[in-house]
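Below is one structure, written out as structure tokens, with a few remarks after it.
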Amino acid sequence: MYFEADLNNKHYKVDVVEMRHSWKISIQKESDSWVHYDIPKSDYKRSESYFSFLFKGVSYLVDVIGKDTDYTVFTRNSYRNVSIFNDEMLLHESLKRGGGFGGDMDLRAGMPGKIIEVFVKPGDVIKSNKPLLIMEAMKMENEMRSSSDVKIKEICIKQGDSVEAGAVLIKFEEA
Amino acid sequence: MFKKVLIANRGEIAIRVIRACRELGIKTVSVFSDADRDSLHVFLADEAYNIGPAPSKESYLNIPNIIDVCKKAGVDAVHPGYGFLSENTNFARACKENGITFIGPTPENIESMGDKLSAKALMKKAGVPTVPGSDGSVDTVEDARTVVKKIGLPVIVKASAGGGGKGMRVVRKEEELESAFRACQSEGQNYFADKTVYIEKFVTDPKHIEIQVFGDTHGNAVHLFERECSVQRRHQKLIEEAPSPSLTEEIRMKMGEAAVRAAKQIKYVGAGTIEFIFDNSTKDFYFMEMNTRLQVEHPITELTTGVDLVKEQIFVALGKPLSFRQTDLKQKGHAIEVRICAEDPETYKPSPGLIRACRHPQGPFVRVDSYAYPGYEVPIYYDPMIAKVITWGETRQEAVDRMQRALAEFILSGIKSNILLHRSILRHPTFLEGNYTTQFLEKNFEVIEPEIFKEVDDHVFLIAAAITAYNDRKSKDVRQLNVASKWKNMGRKIQLRM
């Protein structure tokens with residue numbers, strides 16, 4: 001299962017694969033290279049209300065609180081907030097971020113993906129909450145809707161395009 | 001001996017008193033507010049009664065309710081702990097009127113030390129050094145200027161009724177005097193309904209060193225040496241130690257004798273503390289105030305003198321003479337106490353909430369006075385201190401090493417705590433060399449320890465969070481499959497049969 005995570009103001013990519021007897025976990029911090037761990041399940045096991053985690057020979061008692069995207073991890077009286085997003089949530093979060101029409105008057109891709117269909121053309125006046133386009137990302141089709149009444153100024157992509165995270169998809173102007 | 005004692009308090013100090021009573025064969029009665037039904041002092045006492053809603057004013061400060069419980073439960077005596085009603089003369093008198101012994105000083109003792117100006121005058125009379133200052137209230141800005149000319153800058157302007165950092169201003173330049181004076185007057189008026197203000201010399205290198213005293217109803221008074229409590233933030237103590245690394249034997253004896261004179265001057269009964277401000281550059285000490293109660297940090301005196309202060313309080317309340325003379329008392333080894341608070345160690349903001357994992361340190365020469373347990377929700381209404389860890393060592397270094405070891409053993413999750421802050425302070429060179437002042441945390445600390453969570457590899461946090469997130473999502477998927485597709489499953493089954 002692929003995640004993106006934020007910890008202590010740093011962004012990480014994390015991949016978790018559950019094997020029969022171990023966890024295969026890969027971590028990439030920003031533009032550093034990937035680090036791979038193979039953690040036997042016997043090194044990460046529940047004990048009382050917390051986990052005993054033997055990591056690189058160091059013994060940690062770990063407690064994790066939280067759900068959805070927000071977790072707090074306690075160990076050795078340190079604690080960190082970790083925001084974790086997987087495919088669906090990542091897109092959901094990025095759409096929330098990219099979809100803020102109010103400030104910057106354009107729709108951006110929150111993550112890399114492919115444009116499946118575009119419903120609007122330049123000059124159209126669109127009511128709030130109408131579908132603008134469908135973008136496929138992380139093997140899911142996501143309909144992106146207008147969050148307010150807008151007029152389409154320019155369409156920067158076409159059907160079938162692959163786009164990078166942050167790419168401008170549609171530009172708007174006041175309706 | 002008393003048969004039954006009510007403890008008009010909560011938290012660790014209520015438990016401390018319960019322990020002393022148990023050892024003496026006295027039955028104990030706890031009282032609790034609506035927010036404290038699940039608090040440990042309720043579980044550990046022989047009897048427990050609700051005394052009202054969560055806010056302290058309506059429960060732990062509610063004198064009529066507490067007196068009612070005293071009568072209902074038939075107690076002989078009340079121990080007030082610290083804080084709440086411990087220095088409230090109305091409560092001490094209400095106990096007396098109802099034939100209940102108040103385990104603490106006389107109402108007159110409390111009264112004479114409650115007002116800072118009259119306390120200072122009393123101390124001068126007893127020959128206890130006091131900070132040079134206005135010798136009474138200062139009513140106008142002109143008077144304030146005259147005082148400053150006499151004693152010199154810097155000075156501190158204080159509201160007479162003030163405390164906890166409110167109604168206090170340091171003046172380093174003459175032009176700051178007027179605004180500081182007016183601010184203290186109005187804070188005094190607003191917070192304590194008293195705008196009396198006085199002025200004192202401000203000590204630039206101040207240490208907070210206090211002397212434990214004990215008096216009885218037979219006119220005896222002794223001291224049990226000092227405690228240094230200079231590790232503070234916002235005028236609240238964080239770490240205390242005994243003996244103080246800054247005192248020579250000669251100064252220690254001088255301070256002890258002054259404290260005994262102070263106690264005798266007011267015919268003090270029971271456990272009390274004379275707080276001194278100690279000038280670390282000149283080694284002069286001045287009387288600050290007297291706390292007419294048991295202190296939070298009393299365990300370090302217990303560990304270095306071998307005296308059980310709470311039991312001694314009970315004996316004195318029974319009218320017995322002190323069980324030791326001055327010459328019987330010796331300070332042995334070194335003790336340190338740290339206060340574990342449910343708070344953010346970086347911002348010092350309280351962080352109440354549900355304690356998940358909680359395992360206290362154990363092992364040689366470690367004492368833990370705590371009311372935390374797994375599953376306990378720290379209420380928002382009261383002090384954030386949930387535990388005290390106290391260690392003893394033959395030397396100061398050994399006590400520090402033991403404390404580091406004990407804190408490393410302390411497992412606490414679910415709420416934020418200042419455990420790591422303590423560990424950082426205890427390895428800080430300024431603390432280790434012993435010359436720290438009350439400004440240590442604010443002035444010297446941040447530079448060397450900007451990041452207290454540096455000990456754990458960030459990948460540990462990431463892996464633990466990722467595995468939990470993985471398990472959460474995995475179990476969610478299974479649920480959705482089972483719940484959402486019963487009709488589909490049925491349909492498929494029928495189709496398969498056909």
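Following the order of the structure tokens, chains are lettered A, B, ..., residues in each are numbered from 1, and ligands are numbered from 1.
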
Subject >> Sel. of strand (DSSP E) residues, stretch 78-247 of chain B, as a ChimeraX atom specification >> reply: /B:78-79,101-102,155-163,166-171,197-201,206-215,221-233,236-242

**OP:** Skip stretch 348-362 of chain B itself and residues of its chain fewer than 2 positions away, then list as a ChimeraX atom specification all residues within 9 Å of it, counting only C-alpha atoms.
**Re:** /A:48-50,63 /B:233,341-346,364-368,370,372-380,383-384,389,405-418

**OP:** Give me the residues within 6 Å of A:Leu132 as a VMD selection string, counting only C-alpha atoms and dropping any in the same chain fewer than 5 places off.
**Re:** chain A and resid 119 to 120 144 to 145

Original post:
Hey, which of B:Val42, B:Ile340, B:Gly319, B:Arg227 ends up closest to A:Asn77? Count only C-alpha atoms.
Top reply: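 Of all the options, B:Ile340 lies closest to A:Asn77.
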
**OP:** May I have the residues within 8 Å of B:Pro321 as a ChimeraX atom specification, using only C-alpha atoms and disregarding those fewer than 2 positions away in the same chain?
**Re:** /B:216-218,220,315-316,319,323
